[in-house]
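Have a look at the structure below before the remarks.
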Amino acid sequence: MSLQIWIDGLFAGSVFAIIALSMTIVYQPTRIMNFAQGEGFVLGAALGYQMLGVWKWPLIQSVVVLILAAILMGFIMERMVMLPVQLSGSKFAWIIATLAAAMIFQSAFNIKYVNVTFSYFDIIEKDIPIFGAKLSIQKLLVILLMLLIFVINDQFLKRTLWGRSIRAIAHNPDTSTILGIPTRPVIKLAFITGTIVIALVGFLATPVIIVAPAAGLFFTIQGFTAAIIGGVGSPKGAVIGGLIIGMLDSVVRSWLGGTWGLFSTFFALAVILVLKPNGLFGKRVEGR
Amino acid sequence: MSDLRIEGLTVTYGGAKALDNLSIEVKTGEFVALLGANGAGKTTTLRATSGLMRPAAGKVFFGDQDISKLPGHKRTAIGIGHVPEGRQIFPDHSVEENLQLGSFVRRKHRTETAQSVEDMYDLFPRLKERQKQAAGTLSGGEAQMLAIARALMSRPKILMLDEPSLGLAPQLVLELFKYLKRLHAEQGLTILLVEQQARLALQLAQRAYILERGAVKIEGNSKDLINDPRVAEAYLGKAS
Amino acid sequence: MISTYKGLNRLLLSGTFLAIVLLYLFPIFIKGSSNPGFYLQVVSVAVCSAILTISLNICMGYGGLLSLMHTGMQMAGGYAVAILAVKQGWNGWLALVAAAAVGAVFAILVILISLRATYLYFGMITLAINLIAMEAVRHGGELTGGYNGLFGVFAPGIPSGIMSAEGFYRVMITILILAYIVQRNLIFSGFGRNTMALRESAETATALGISPSIHRIKVFGVSGALAGLAGGLLSIQIGYAIADIGDLNNGLIFFVGIFLGGIGTLAGPVLGVALVATIDFMIRGTGQYRTLVLGSILLLTMIVLPRGIVGTYRASRYGSPRSREVLPGEADNYHLDIAVKNVAKGEVLLEANDVVKHFGGVHAVDGISVQFKAGEIHGIIGPNGSGKSTLISALTRYHELTSGSVTLLGVEADKKAFKVARAGVTRVFQIPHLFERVSVLDNVLTGMYRRDKYSIFDAIFRTPRYLKANSRSVAEAKALLSLAGMLGMEEIAAGSISHGQKRLLEVIRAVATEPKILILDEPATGLTQDELNSLKSLIRTLAAGGMCIVLIEHNVAFLMDLADIVTVIQSGKVIAEGTPQAVQKDEKVLEAYLGNTDFSKELA
């Protein structure tokens, strides 16, 4: 099997891993798997297309605006999801609220971009040859971003007081409250950082994979699959789960064709859930 | 002043009254025990006081302030410390991280909180030995000490403890209660202790309330209550 | 109040009837319009959505199973009809039946592989399977027509000709009405009660002898059959079957409908879909704004009307039944023999030998032997954390034993909790586990389900067998309610009665399972003196009939007054056993409860 397949798998796996990581960031303090998360990916792709592709803005300026937009989206998303969840007593409130938020964002993208798929030039157009295979700088950037986000997230959760508070809330919200930790701002923070993370990968990965305005749900589902294989709530699980489905997809795709790649990832999900109902690194959760 | 005053507190839980017009008071510097059989409403009293439960009626005053509407995390900031039932330490955080989380409300004063951590290690030397360990690996007694130390990190004016002796061997209970006595005597901490082991609590506290079905049944000085047969009755019923 | 409720109900009933008539006559009204076919199609598609939403309601609303594959089941049903009717030339009606079967089989296969998954993961599995199914169809080659799908699906003929659009429209309306009746009959039967029991608490359902796995398979299977049928109808109506029908985006209308109408209510899904379809019709042609509007309606509904329209109405004082007047002498009509059969007084029913249960290093139960005898009220007390509840869970097989044995009526107890329950050991839990949204009567009937010897089909078609079993059960349930002084409250939702009545109802529901041993975990918590007295007399009556009552209770006055024998547990071991009087004077017991007195010097 050629090395190129593995490199492509590593790239795709990194994309899924970042998506899963951003979901984990939201999940930890809220116990919510956010169906609207993938819309952040589309935001990154859309703004990349708009700013780099159409307006020809300089890179730094584009990234700054992207982050500001992601902050805004995270803020709005938190209200759209948490308000119904707090007001409704239904066990299914979270899923319906996040699904509705996903639909609203998706149609907003569809309204703005009719018959457009997002693609633009690589930020740095250069390939690195590795034993006959090629790794473009753009792909390398995504892989590095994945590692960077994992390390920063890990260090943030372990080293900073706010990060530790997030872990504390994830474990027991009541006890966190009596220690004086305010849960609501932490939840806002989680939605905002989660959106920034996923928007960044959407921005960086789009030149390689073409993204449609309505593709948010697809990326959400890929992220879910990765997170669930790894174990919901575990950053390590998100990364490993992402890499597993990325590699699997790439290998099976080259071997049996495109559809079978997608098949194989969902099949892997089903197998893992039957064998290990809480994922590879997950603890038993009941969700909301 | 940091008197805690609970007036006419009623808390319902799925239609049942967990607390029924309960009024108690803890004056600054006092050591008060809250006793009663399981289900009498002791834990609910503490949870309502620290803002984890919304009462159906009644008010909670701290000093001169009516804190009935204050969100839970702000009550910690004004000086109400709570060691919850079953300790509830964060098992995946290290001992030191647990302590640091305890000082969340004082996070702006870094040197001061670093000093507080050291103070806790002085108070509970066994925690220092395990400072880098995950708190989940602690024994029951150590975990209870960590829970108390963590609550102390916010420099509370009043410390409420919910059944700290639960699941501990008698020798450990004794050790724990000695710490509580020291905290009260040496640091002048106001303490509200919820305890099932009534005889033990009465030897420590100055005053006690005995709850029955969500209301105060008996109140008085510990000295008077310790030999009062009504106390045993509250737990085991009237011996006939 | 009673009359207001009944009056409103009558009004709603006539409204519904009128709506049905109008729906049947609808093709006549639109005859003169410019494009009657279009209007007919709009309503027909809405009818399909309503059937599918009923299916979703059975599984999510009543069963508590999060399904994200209903669009996929709809797609599967559509292809079943397309392939069988168009390609294989089956009779259309037969193809529709096959569509329902395909939906059911699909659903059952999915739930079989995911029985162990908890509810969040179950939702995710269904989501993944939905995607797999869509991909499979897109790459099914000639069989499924690939990305283009299959076209030319026509209405099933009677006997072979092509039915008119209007005729088929009326058929669909009839099927919708039938689907609603199937839903109603199921929900009001033992099947529905078990479904709701499982939704509210799998633990309690198990304690009543319901097997969670088997019942979930049935619920999901029924839901799948309806979804498949809806899909089959849709493909005939629109004339094609395509993979995109399975897209989750298309599921938005069902979710909006079910939440707008009221999830877990009978009429909610139909009403909700009717409203959404109307809104959808009014904003047609706005393209992408449609999703935006629907998504916003969904969010707003959850914020403003969390229970949906029907749910809010039912919870209001107009929509909820009140207690009725009990006719003088009515209670005499209900006789019930509560004596436990085939058991002699004093006979040992359950015997535990040296039972040990460790959790990791914690010795929660550390070698306990105990006997429960027929006709005996057996108290178990001990300080907080002493292992009482763990002991009960071990005896009833909610926990696996570390070592030791449990003998039930002379034979080794089964390892499965619901089988122990079926053998005659019923638990009432410490935290009230009533099925709150279900009526008082239905709560009691849930306890009787093992006596109901009718199948799902008996329930759906209300066969004589079902009707006979049901009327007998209702009479017995009323007798039990009368025993607890709760006659007249049958129709009230269990969530709205007083706390004390809830506890009594829970005991009654447990008694309905005809247990030999009834285990009550802190039944007295939060009861008033009057309620305590009713509970006491109920327990005494039951014990007099030969039942063994095991009481775990902290209200010691209550327990000591009732118990024949008291076992005191501390740190997982029995420290005393005897009559209440003996136990109260036991110094070891006093110390366990009140702590040691010898610390005075050390603490001074």
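Chain labels run A, B, ... following the order of the structure tokens; each chain numbers its residues from 1, and ligands are numbered from 1 in the order shown.
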
Quick one: which residues from chain B are at most 9 Å off chain C, using only C-alpha atoms, as an NGL selection string?
-> :B and (14-18 or 37-40 or 166-167 or 170 or 174 or 177-178 or 181 or 196-201 or 203-204 or 213-214 or 231-240)

Output for the residues just chosen: N, CA and C atoms as a short mmCIF file (atom, residue, chain, number, x, y, z; two decimals), in the first residue's frame:
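So the final result, stored in part_20.cif, reads:
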data_model
loop_
_atom_site.label_atom_id
_atom_site.label_comp_id
_atom_site.auth_asym_id
_atom_site.auth_seq_id
_atom_site.Cartn_x
_atom_site.Cartn_y
_atom_site.Cartn_z
N GLY B 14 -40.27 16.93 44.93
CA GLY B 14 -41.26 16.06 44.30
C GLY B 14 -42.55 15.98 45.08
N GLY B 15 -43.00 17.13 45.60
CA GLY B 15 -44.26 17.15 46.32
C GLY B 15 -44.13 16.94 47.82
N ALA B 16 -43.05 16.28 48.25
CA ALA B 16 -42.87 16.05 49.68
C ALA B 16 -42.13 17.23 50.29
N LYS B 17 -42.49 17.60 51.50
CA LYS B 17 -41.77 18.67 52.17
C LYS B 17 -40.51 18.11 52.82
N ALA B 18 -39.35 18.47 52.28
CA ALA B 18 -38.11 18.04 52.90
C ALA B 18 -37.83 18.93 54.10
N ALA B 37 -32.35 11.92 62.51
CA ALA B 37 -32.27 10.67 61.73
C ALA B 37 -32.18 11.00 60.25
N ASN B 38 -31.86 9.99 59.49
CA ASN B 38 -31.80 10.15 58.05
C ASN B 38 -33.17 10.61 57.53
N GLY B 39 -33.15 11.53 56.59
CA GLY B 39 -34.41 11.99 56.04
C GLY B 39 -35.06 13.10 56.86
N ALA B 40 -34.37 13.55 57.90
CA ALA B 40 -34.96 14.59 58.75
C ALA B 40 -34.84 15.96 58.10
N LEU B 166 -19.02 9.96 57.98
CA LEU B 166 -19.63 8.84 57.25
C LEU B 166 -18.58 7.92 56.63
N GLY B 167 -18.67 6.66 56.97
CA GLY B 167 -17.78 5.67 56.36
C GLY B 167 -16.36 5.66 56.90
N PRO B 170 -13.69 4.44 63.54
CA PRO B 170 -13.83 5.28 64.74
C PRO B 170 -12.58 6.11 65.05
N LEU B 174 -12.38 10.23 65.24
CA LEU B 174 -11.86 10.97 66.39
C LEU B 174 -10.82 12.00 65.93
N PHE B 177 -12.48 14.88 64.17
CA PHE B 177 -13.19 15.79 65.08
C PHE B 177 -12.22 16.64 65.89
N LYS B 178 -11.03 16.09 66.14
CA LYS B 178 -10.01 16.90 66.82
C LYS B 178 -9.63 18.09 65.95
N LYS B 181 -12.28 20.65 66.14
CA LYS B 181 -12.20 21.37 67.42
C LYS B 181 -11.11 22.43 67.36
N GLN B 196 -24.65 12.31 62.06
CA GLN B 196 -25.56 11.26 62.52
C GLN B 196 -25.14 10.74 63.88
N GLN B 197 -23.84 10.76 64.11
CA GLN B 197 -23.35 10.26 65.40
C GLN B 197 -23.58 11.33 66.45
N ALA B 198 -24.78 11.33 67.00
CA ALA B 198 -25.23 12.44 67.82
C ALA B 198 -24.38 12.62 69.07
N ARG B 199 -24.08 11.53 69.73
CA ARG B 199 -23.35 11.67 70.99
C ARG B 199 -22.01 12.34 70.76
N LEU B 200 -21.36 11.95 69.68
CA LEU B 200 -20.06 12.51 69.35
C LEU B 200 -20.18 14.00 69.06
N ALA B 201 -21.15 14.34 68.22
CA ALA B 201 -21.31 15.74 67.83
C ALA B 201 -21.63 16.60 69.04
N GLN B 203 -20.59 16.26 71.97
CA GLN B 203 -19.41 16.51 72.79
C GLN B 203 -18.56 17.63 72.22
N LEU B 204 -18.78 17.92 70.92
CA LEU B 204 -17.97 18.93 70.27
C LEU B 204 -18.68 20.28 70.22
N ARG B 213 -38.49 15.27 60.60
CA ARG B 213 -39.38 15.53 59.47
C ARG B 213 -39.36 16.99 59.04
N GLY B 214 -38.16 17.51 58.85
CA GLY B 214 -38.01 18.83 58.26
C GLY B 214 -38.25 20.01 59.17
N VAL B 231 -33.15 12.47 72.61
CA VAL B 231 -32.23 12.42 71.49
C VAL B 231 -32.20 11.02 70.90
N ALA B 232 -32.04 10.03 71.78
CA ALA B 232 -32.04 8.64 71.31
C ALA B 232 -33.36 8.30 70.65
N GLU B 233 -34.44 8.86 71.21
CA GLU B 233 -35.77 8.58 70.64
C GLU B 233 -35.89 9.10 69.22
N ALA B 234 -35.25 10.25 68.97
CA ALA B 234 -35.33 10.83 67.63
C ALA B 234 -34.74 9.88 66.61
N TYR B 235 -33.81 9.05 67.06
CA TYR B 235 -33.18 8.11 66.13
C TYR B 235 -33.85 6.74 66.16
N LEU B 236 -34.12 6.25 67.35
CA LEU B 236 -34.54 4.85 67.46
C LEU B 236 -35.98 4.68 67.91
N GLY B 237 -36.66 5.77 68.10
CA GLY B 237 -38.03 5.65 68.56
C GLY B 237 -38.09 5.43 70.06
N LYS B 238 -39.28 5.58 70.56
CA LYS B 238 -39.46 5.45 72.01
C LYS B 238 -39.34 3.97 72.39
N ALA B 239 -38.41 3.70 73.30
CA ALA B 239 -38.30 2.31 73.77
C ALA B 239 -39.51 2.02 74.65
N SER B 240 -40.21 0.95 74.34
CA SER B 240 -41.41 0.70 75.13
C SER B 240 -41.19 -0.51 76.01
#

For chain B, list the residues within 7 Å of chain A, counting only C-alpha atoms, and write the list as a list in words.
->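 Residues passing the distance filter: Ser50, Leu52, Gly72, His73, Lys74, Thr76, Ala77, His82, Gln88, Phe90, Leu101, Gly102, Phe104, Val105 and Ala151 of chain B.
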
What gap, in Å, lies between CA of Arg54 (chain B) and CA of Gly29 (chain B)?
->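 Separation of CA of Arg54 (chain B) and CA of Gly29 (chain B): 27.1 Å.
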
Would you give me, as a PyMOL selection string, the residues in region 25-261 of chain A that DSSP reads as strand (DSSP E)?
-> chain A and resi 127-130+133-136

Pull all heavy atoms from the residues just selected and write them as a tab-separated table (two decimals), in the first residue's frame.
chain	number	residue	atom	x	y	z
A	127	ASP	N	4.87	21.45	-1.85
A	127	ASP	CA	4.78	20.07	-1.41
A	127	ASP	C	6.12	19.63	-0.84
A	127	ASP	O	7.16	20.05	-1.32
A	127	ASP	CB	4.42	19.15	-2.58
A	127	ASP	CG	3.01	19.39	-3.05
A	127	ASP	OD1	2.21	19.91	-2.23
A	127	ASP	OD2	2.71	19.09	-4.21
A	128	ILE	N	6.05	18.80	0.17
A	128	ILE	CA	7.28	18.21	0.69
A	128	ILE	C	7.31	16.77	0.21
A	128	ILE	O	6.37	16.01	0.48
A	128	ILE	CB	7.30	18.21	2.23
A	128	ILE	CG1	7.02	19.63	2.75
A	128	ILE	CG2	8.62	17.70	2.76
A	128	ILE	CD1	6.69	19.67	4.21
A	129	PRO	N	8.35	16.37	-0.53
A	129	PRO	CA	8.40	14.98	-0.97
A	129	PRO	C	8.88	14.07	0.17
A	129	PRO	O	9.82	14.40	0.89
A	129	PRO	CB	9.42	15.00	-2.11
A	129	PRO	CG	10.24	16.23	-1.88
A	129	PRO	CD	9.50	17.16	-0.98
A	130	ILE	N	8.16	12.97	0.38
A	130	ILE	CA	8.59	11.98	1.38
A	130	ILE	C	8.58	10.62	0.69
A	130	ILE	O	7.52	10.07	0.43
A	130	ILE	CB	7.63	11.93	2.58
A	130	ILE	CG1	7.42	13.35	3.14
A	130	ILE	CG2	8.17	11.03	3.68
A	130	ILE	CD1	6.31	13.43	4.16
A	133	ALA	N	6.19	9.99	-1.95
A	133	ALA	CA	4.86	10.53	-1.72
A	133	ALA	C	4.97	12.04	-1.49
A	133	ALA	O	6.06	12.56	-1.33
A	133	ALA	CB	4.23	9.86	-0.51
A	134	LYS	N	3.81	12.71	-1.51
A	134	LYS	CA	3.85	14.16	-1.33
A	134	LYS	C	3.01	14.55	-0.11
A	134	LYS	O	1.93	14.02	0.12
A	134	LYS	CB	3.28	14.87	-2.56
A	134	LYS	CG	4.21	14.88	-3.74
A	134	LYS	CD	3.63	15.76	-4.85
A	134	LYS	CE	2.25	15.29	-5.27
A	134	LYS	NZ	1.72	16.01	-6.43
A	135	LEU	N	3.54	15.50	0.62
A	135	LEU	CA	2.77	16.07	1.72
A	135	LEU	C	2.75	17.57	1.48
A	135	LEU	O	3.79	18.23	1.54
A	135	LEU	CB	3.41	15.74	3.08
A	135	LEU	CG	2.83	16.44	4.30
A	135	LEU	CD1	1.38	16.05	4.51
A	135	LEU	CD2	3.63	16.09	5.55
A	136	SER	N	1.59	18.12	1.17
A	136	SER	CA	1.55	19.56	0.93
A	136	SER	C	1.65	20.30	2.27
A	136	SER	O	1.27	19.77	3.32
A	136	SER	CB	0.27	19.95	0.20
A	136	SER	OG	-0.82	19.86	1.09

Could you tell me which of C:Ala543, C:Val428, C:Met302, C:Ala227 comes closest to Ala100 (chain A) if we count only C-alpha atoms?
->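 For Ala100 (chain A), the nearest of the candidates is C:Met302.
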
Between A:Met23, A:Val186, A:Ile32, A:Met73, which is the closest to Val85 (chain A) once you count only C-alpha atoms?
->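 Going through A:Met23, A:Val186, A:Ile32, A:Met73 one by one, the smallest distance to Val85 (chain A) is for A:Ile32.
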
Proximity of chain A to chain C: per-residue shortest pair, 8 Å limit, only C-alpha atoms, as a tab-separated table:
residue	atom	partner	partner_atom	distance
A:Met80	CA	C:Leu299	CA	7.4
A:Leu83	CA	C:Ile303	CA	7.0
A:Pro84	CA	C:Ile303	CA	4.9
A:Leu87	CA	C:Ile303	CA	5.9
A:Ser88	CA	C:Pro306	CA	4.9
A:Gly89	CA	C:Pro306	CA	7.0
A:Ser90	CA	C:Pro306	CA	7.4
A:Phe92	CA	C:Leu66	CA	7.7
A:Ala93	CA	C:Met302	CA	7.4
A:Ile96	CA	C:Phe255	CA	7.4
A:Ala97	CA	C:Leu299	CA	6.0
A:Ala100	CA	C:Gly295	CA	4.6
A:Ala101	CA	C:Gly295	CA	6.8
A:Met103	CA	C:Gly295	CA	5.8
A:Ile104	CA	C:Leu292	CA	4.8
A:Phe105	CA	C:Leu292	CA	7.8
A:Ser107	CA	C:Gln288	CA	5.5
A:Ala108	CA	C:Leu292	CA	7.1
A:Asn110	CA	C:Gln288	CA	6.3
A:Ile111	CA	C:Gln288	CA	5.8
A:Ile221	CA	C:Ala128	CA	7.8
A:Phe224	CA	C:Met124	CA	7.6
A:Thr225	CA	C:Ala128	CA	7.8
A:Ile228	CA	C:Tyr121	CA	7.7
A:Thr259	CA	C:Glu135	CA	6.9
A:Leu262	CA	C:Ile132	CA	7.9
A:Phe263	CA	C:Ile132	CA	6.0
A:Phe266	CA	C:Ala128	CA	5.7
A:Leu269	CA	C:Ile125	CA	7.6
A:Ala270	CA	C:Ile125	CA	6.6
A:Leu273	CA	C:Ala117	CA	7.0
A:Val274	CA	C:Ser114	CA	6.4
A:Pro277	CA	C:Ala117	CA	5.5
A:Asn278	CA	C:Ala117	CA	7.8
A:Val285	CA	C:Thr118	CA	7.7
A:Glu286	CA	C:Thr118	CA	6.4
A:Gly287	CA	C:Leu120	CA	6.0

Would you give me, as a PyMOL selection string, the residues in region 10-200 of chain A that DSSP reads as helix (DSSP H, G or I)?
-> chain A and resi 10-30+37-54+59-87+93-112+137-159+161-171+173-178+183-200

Tell me, in Å to one decimal, how far CA of Thr24 (chain A) is from CA of Phe267 (chain A).
-> 22.0 Å

Quick one: everything within 10 Å of Gly279 (chain A), counting only C-alpha atoms, minus sequence neighbours fewer than 2 positions away in the same chain. Send it as a list in words.
-> Ala226, Ala227, Ile228, Ile229, Gly230, Gly231, Val232, Ser234, Gly237, Gly241, Leu269, Ile272, Leu273, Val274, Leu275, Lys276, Pro277, Phe281, Gly282, Lys283 and Arg284 of chain A; Tyr121 of chain C

Could you write those residues out with all heavy atoms, as a compact mmCIF listing (two decimals), in the first residue's frame?
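Written file, again11.txt:
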# COMPACT_ATOMS: atom_id res chain seq x y z
N ALA A 226 -15.86 10.06 15.44
CA ALA A 226 -14.52 10.03 16.04
C ALA A 226 -14.62 10.09 17.56
O ALA A 226 -14.00 9.30 18.27
CB ALA A 226 -13.70 11.19 15.52
N ALA A 227 -15.43 11.02 18.07
CA ALA A 227 -15.53 11.21 19.52
C ALA A 227 -16.09 9.96 20.18
O ALA A 227 -15.66 9.56 21.26
CB ALA A 227 -16.39 12.42 19.84
N ILE A 228 -17.06 9.34 19.53
CA ILE A 228 -17.70 8.18 20.16
C ILE A 228 -16.78 6.96 20.12
O ILE A 228 -16.68 6.21 21.09
CB ILE A 228 -19.05 7.90 19.48
CG1 ILE A 228 -20.01 8.99 19.90
CG2 ILE A 228 -19.59 6.54 19.88
CD1 ILE A 228 -21.29 9.01 19.11
N ILE A 229 -16.04 6.80 19.02
CA ILE A 229 -15.08 5.69 18.98
C ILE A 229 -14.05 5.88 20.08
O ILE A 229 -13.72 4.96 20.82
CB ILE A 229 -14.41 5.61 17.59
CG1 ILE A 229 -15.40 5.05 16.59
CG2 ILE A 229 -13.15 4.73 17.65
CD1 ILE A 229 -14.88 4.98 15.17
N GLY A 230 -13.57 7.12 20.24
CA GLY A 230 -12.56 7.37 21.27
C GLY A 230 -13.14 7.39 22.67
O GLY A 230 -12.43 7.17 23.65
N GLY A 231 -14.43 7.65 22.80
CA GLY A 231 -15.04 7.79 24.12
C GLY A 231 -15.40 9.24 24.35
O GLY A 231 -14.52 10.10 24.44
N VAL A 232 -16.69 9.50 24.46
CA VAL A 232 -17.16 10.89 24.56
C VAL A 232 -16.58 11.57 25.79
O VAL A 232 -16.58 11.01 26.87
CB VAL A 232 -18.70 10.90 24.63
CG1 VAL A 232 -19.21 12.31 24.88
CG2 VAL A 232 -19.28 10.35 23.35
N SER A 234 -13.42 12.52 26.21
CA SER A 234 -11.98 12.34 26.41
C SER A 234 -11.21 12.98 25.24
O SER A 234 -11.37 12.56 24.09
CB SER A 234 -11.66 10.85 26.48
OG SER A 234 -10.33 10.62 26.08
N GLY A 237 -9.22 10.47 23.47
CA GLY A 237 -10.09 9.64 22.66
C GLY A 237 -10.49 10.34 21.37
O GLY A 237 -10.56 9.70 20.31
N GLY A 241 -9.66 8.60 18.02
CA GLY A 241 -10.83 8.26 17.23
C GLY A 241 -10.78 8.94 15.87
O GLY A 241 -11.08 8.33 14.83
N LEU A 269 -17.60 2.23 13.95
CA LEU A 269 -18.36 2.79 15.07
C LEU A 269 -19.28 1.73 15.67
O LEU A 269 -19.30 1.52 16.89
CB LEU A 269 -19.18 3.98 14.57
CG LEU A 269 -20.16 4.58 15.57
CD1 LEU A 269 -19.42 5.31 16.67
CD2 LEU A 269 -21.14 5.52 14.90
N ILE A 272 -17.24 -0.95 17.51
CA ILE A 272 -16.68 -0.51 18.79
C ILE A 272 -17.76 -0.35 19.84
O ILE A 272 -17.60 -0.72 20.99
CB ILE A 272 -15.87 0.79 18.59
CG1 ILE A 272 -14.58 0.40 17.88
CG2 ILE A 272 -15.62 1.49 19.91
CD1 ILE A 272 -13.45 1.31 17.99
N LEU A 273 -18.92 0.16 19.43
CA LEU A 273 -19.98 0.35 20.42
C LEU A 273 -20.54 -0.98 20.91
O LEU A 273 -20.99 -1.07 22.05
CB LEU A 273 -21.10 1.20 19.83
CG LEU A 273 -20.77 2.69 19.83
CD1 LEU A 273 -21.90 3.47 19.21
CD2 LEU A 273 -20.50 3.19 21.23
N VAL A 274 -20.49 -1.99 20.07
CA VAL A 274 -20.97 -3.29 20.54
C VAL A 274 -19.94 -3.89 21.49
O VAL A 274 -20.28 -4.43 22.55
CB VAL A 274 -21.25 -4.23 19.34
CG1 VAL A 274 -21.52 -5.63 19.83
CG2 VAL A 274 -22.43 -3.70 18.55
N LEU A 275 -18.66 -3.75 21.15
CA LEU A 275 -17.62 -4.36 21.99
C LEU A 275 -17.34 -3.52 23.23
O LEU A 275 -17.20 -4.04 24.33
CB LEU A 275 -16.32 -4.54 21.18
CG LEU A 275 -16.43 -5.48 19.98
CD1 LEU A 275 -15.10 -5.56 19.26
CD2 LEU A 275 -16.88 -6.86 20.43
N LYS A 276 -17.21 -2.22 23.04
CA LYS A 276 -16.93 -1.32 24.18
C LYS A 276 -17.98 -0.22 24.18
O LYS A 276 -17.77 0.82 23.56
CB LYS A 276 -15.52 -0.72 24.04
CG LYS A 276 -14.41 -1.65 24.53
CD LYS A 276 -13.09 -0.90 24.63
CE LYS A 276 -13.07 0.04 25.79
NZ LYS A 276 -12.15 -0.26 26.84
N PRO A 277 -19.10 -0.42 24.85
CA PRO A 277 -20.22 0.52 24.72
C PRO A 277 -19.88 1.97 25.09
O PRO A 277 -20.63 2.86 24.74
CB PRO A 277 -21.27 -0.05 25.66
CG PRO A 277 -20.94 -1.48 25.78
CD PRO A 277 -19.45 -1.57 25.66
N PHE A 281 -11.77 5.24 25.26
CA PHE A 281 -11.26 5.87 26.48
C PHE A 281 -12.37 6.51 27.30
O PHE A 281 -12.12 7.34 28.16
CB PHE A 281 -10.22 6.95 26.13
CG PHE A 281 -9.04 6.41 25.38
CD1 PHE A 281 -8.96 6.53 24.00
CD2 PHE A 281 -8.01 5.77 26.05
CE1 PHE A 281 -7.88 6.02 23.30
CE2 PHE A 281 -6.94 5.25 25.36
CZ PHE A 281 -6.86 5.38 23.98
N GLY A 282 -13.61 6.19 27.00
CA GLY A 282 -14.70 6.88 27.66
C GLY A 282 -15.08 6.26 28.97
O GLY A 282 -14.83 5.09 29.23
N LYS A 283 -15.71 7.10 29.82
CA LYS A 283 -16.31 6.58 31.04
C LYS A 283 -17.80 6.46 30.78
O LYS A 283 -18.32 7.07 29.86
CB LYS A 283 -16.06 7.55 32.19
CG LYS A 283 -14.59 7.62 32.54
CD LYS A 283 -14.36 8.55 33.68
CE LYS A 283 -12.89 8.63 34.00
NZ LYS A 283 -12.50 9.87 34.60
N ARG A 284 -18.45 5.70 31.60
CA ARG A 284 -19.88 5.52 31.43
C ARG A 284 -20.59 6.88 31.57
O ARG A 284 -20.42 7.57 32.56
CB ARG A 284 -20.41 4.57 32.49
CG ARG A 284 -21.82 4.13 32.23
CD ARG A 284 -22.31 3.24 33.37
NE ARG A 284 -23.76 3.24 33.38
CZ ARG A 284 -24.47 2.48 32.58
NH1 ARG A 284 -23.90 1.68 31.75
NH2 ARG A 284 -25.79 2.53 32.62
N TYR C 121 -25.53 7.08 23.30
CA TYR C 121 -24.84 6.26 22.30
C TYR C 121 -25.84 5.60 21.36
O TYR C 121 -25.58 5.43 20.19
CB TYR C 121 -23.96 5.22 22.98
CG TYR C 121 -22.71 5.80 23.57
CD1 TYR C 121 -22.62 6.08 24.92
CD2 TYR C 121 -21.63 6.09 22.75
CE1 TYR C 121 -21.47 6.64 25.44
CE2 TYR C 121 -20.48 6.65 23.28
CZ TYR C 121 -20.39 6.92 24.62
OH TYR C 121 -19.26 7.48 25.14
